[in-house]
Amino acid sequence: MSQRLERLADQMMRDLAALIRQDLKDPRLGMVTISAIKLSRDLGYADVYVTVMGRELDADPSVSIAVLQGAAGHLRSALGRDMRTRVIPRLRFHYDEVLVRAQRLSTLISQAVAEDVARHGDEDAPV
């Protein structure tokens, strides 16, 4: 991504986070954190990757994503008022599964270590 697109994505991330926090009062939304924005080269669309906090990690995020998709037009027009660009991209929201995958990997590693300790005991413990 070019430096201009990176700066624009960073600005969009800050502005969009503020808009979601201030304007969207839907209780189904939960606490949304924007983890990344990827802009197309022609600024036709922006893929907005979000995580939803305040829920269990295995909970289905589709309700929160649906709320964001429903508010995408409002958010886009509000961004248009705040940003100084000729084109405001269409917003497409996606759930970022990084936290869920990290939690699963951490659990698997902990299980493997516990099984290894149970199998071998403290043979390898330093003296």
# chains A, B, ... in the order shown; residues from 1 in each chain; ligands from 1
>>> residues_around(residues="A:Val98", least_positions_apart="6", cutoff="12 Å", atoms="only C-alpha atoms", output="PyMOL selection string")
chain A and resi 35-36+49-52+57+104-105
>>> write_last_selection(atoms="C-alpha atoms", output="PDB file, in the first residue's frame")
ATOM      1  CA  SER A  35      -7.946  -3.473  14.156  1.00  0.00           C
ATOM      2  CA  ALA A  36      -7.183  -2.568  10.526  1.00  0.00           C
ATOM      3  CA  TYR A  49     -11.557  -5.319  10.241  1.00  0.00           C
ATOM      4  CA  VAL A  50     -13.091  -5.212  13.712  1.00  0.00           C
ATOM      5  CA  THR A  51     -13.026  -7.179  16.945  1.00  0.00           C
ATOM      6  CA  VAL A  52     -15.915  -7.224  19.378  1.00  0.00           C
ATOM      7  CA  LEU A  57     -14.282 -15.203  22.482  1.00  0.00           C
ATOM      8  CA  ARG A 104      -6.957 -21.134  20.616  1.00  0.00           C
ATOM      9  CA  LEU A 105      -3.215 -21.391  20.003  1.00  0.00           C
TER      10      LEU A 105
END
>>> residues_around(residues="A:Asp47", least_positions_apart="3", cutoff="12 Å", atoms="only C-alpha atoms", output="PyMOL selection string")
chain A and resi 9+12-13+34-41+43-44+50+69+72+89-96
>>> write_last_selection(atoms="C-alpha atoms", output="mmCIF file, in the first residue's frame")
data_model
loop_
_atom_site.group_PDB
_atom_site.id
_atom_site.type_symbol
_atom_site.label_atom_id
_atom_site.label_comp_id
_atom_site.auth_asym_id
_atom_site.auth_seq_id
_atom_site.Cartn_x
_atom_site.Cartn_y
_atom_site.Cartn_z
ATOM 1 C CA ALA A 9 -6.396 4.467 6.303
ATOM 2 C CA MET A 12 -10.145 6.768 8.656
ATOM 3 C CA MET A 13 -9.454 4.356 11.507
ATOM 4 C CA ILE A 34 -11.097 -1.426 14.685
ATOM 5 C CA SER A 35 -7.946 -3.473 14.156
ATOM 6 C CA ALA A 36 -7.183 -2.568 10.526
ATOM 7 C CA ILE A 37 -8.482 -0.834 7.426
ATOM 8 C CA LYS A 38 -7.422 -1.906 3.955
ATOM 9 C CA LEU A 39 -8.215 0.547 1.173
ATOM 10 C CA SER A 40 -8.526 -0.330 -2.487
ATOM 11 C CA ARG A 41 -6.163 1.566 -4.778
ATOM 12 C CA LEU A 43 -10.622 4.247 -2.979
ATOM 13 C CA GLY A 44 -13.758 2.470 -4.120
ATOM 14 C CA VAL A 50 -13.091 -5.212 13.712
ATOM 15 C CA GLN A 69 -23.093 -3.078 7.878
ATOM 16 C CA ALA A 72 -22.244 1.742 6.916
ATOM 17 C CA PRO A 89 -14.847 4.616 0.032
ATOM 18 C CA ARG A 90 -17.754 2.252 0.650
ATOM 19 C CA LEU A 91 -17.299 0.548 4.002
ATOM 20 C CA ARG A 92 -17.266 -3.238 4.246
ATOM 21 C CA PHE A 93 -16.985 -4.643 7.760
ATOM 22 C CA HIS A 94 -15.265 -7.945 8.533
ATOM 23 C CA TYR A 95 -14.685 -9.751 11.813
ATOM 24 C CA ASP A 96 -10.981 -9.981 12.635
#
>>> closest_residue(among="A:Val113, A:Val87, A:Leu108, A:Leu79", to="A:Arg14", atoms="only C-alpha atoms")
A:Leu79
>>> closest_residue(among="A:Met83, A:Met53, A:Ser64, A:Arg28", to="A:Asp10", atoms="only C-alpha atoms")
A:Met83
>>> select_by_dssp(residues="stretch 14-110 of chain A", states="helix (DSSP H, G or I)", output="short mmCIF file (atom, residue, chain, number, x, y, z; two decimals) with C-alpha atoms, in the first residue's frame")
data_model
loop_
_atom_site.label_atom_id
_atom_site.label_comp_id
_atom_site.auth_asym_id
_atom_site.auth_seq_id
_atom_site.Cartn_x
_atom_site.Cartn_y
_atom_site.Cartn_z
CA ARG A 14 -9.31 7.17 14.07
CA ASP A 15 -12.38 8.97 12.73
CA LEU A 16 -14.43 5.80 12.27
CA ALA A 17 -13.63 4.59 15.79
CA ALA A 18 -14.85 7.89 17.20
CA LEU A 19 -18.01 7.79 15.07
CA ILE A 20 -18.86 4.24 16.12
CA ARG A 21 -18.31 5.10 19.78
CA GLN A 22 -20.34 8.34 19.66
CA ASP A 23 -23.07 7.75 17.06
CA SER A 62 -22.34 -11.81 13.05
CA VAL A 63 -24.90 -9.67 14.93
CA SER A 64 -22.33 -6.94 15.56
CA ILE A 65 -21.11 -7.10 11.96
CA ALA A 66 -24.72 -6.86 10.72
CA VAL A 67 -25.28 -3.75 12.88
CA LEU A 68 -22.13 -2.16 11.45
CA GLN A 69 -23.09 -3.08 7.88
CA GLY A 70 -26.52 -1.53 8.49
CA ALA A 72 -22.24 1.74 6.92
CA GLY A 73 -24.06 4.40 4.88
CA HIS A 74 -24.43 6.70 7.88
CA LEU A 75 -20.80 6.17 8.88
CA ARG A 76 -19.61 6.82 5.33
CA SER A 77 -21.52 10.11 5.08
CA ALA A 78 -20.22 11.20 8.50
CA LEU A 79 -16.68 10.38 7.36
CA GLY A 80 -17.31 12.48 4.26
CA ARG A 81 -18.08 15.49 6.44
CA ASP A 82 -14.99 14.98 8.61
CA VAL A 98 -6.83 -12.74 15.31
CA LEU A 99 -7.84 -12.73 19.00
CA VAL A 100 -9.83 -15.95 18.71
CA ARG A 101 -7.00 -17.72 16.89
CA ALA A 102 -4.44 -16.45 19.42
CA GLN A 103 -6.58 -17.73 22.29
CA ARG A 104 -6.96 -21.13 20.62
CA LEU A 105 -3.21 -21.39 20.00
CA SER A 106 -2.47 -20.39 23.57
CA THR A 107 -4.85 -23.05 24.86
CA LEU A 108 -3.29 -25.71 22.62
CA ILE A 109 0.22 -24.78 23.75
CA SER A 110 -0.81 -24.89 27.41
#
>>> select_by_dssp(residues="chain A", states="strand (DSSP E)", output="ChimeraX atom specification")
/A:31-39,45-53,90-95
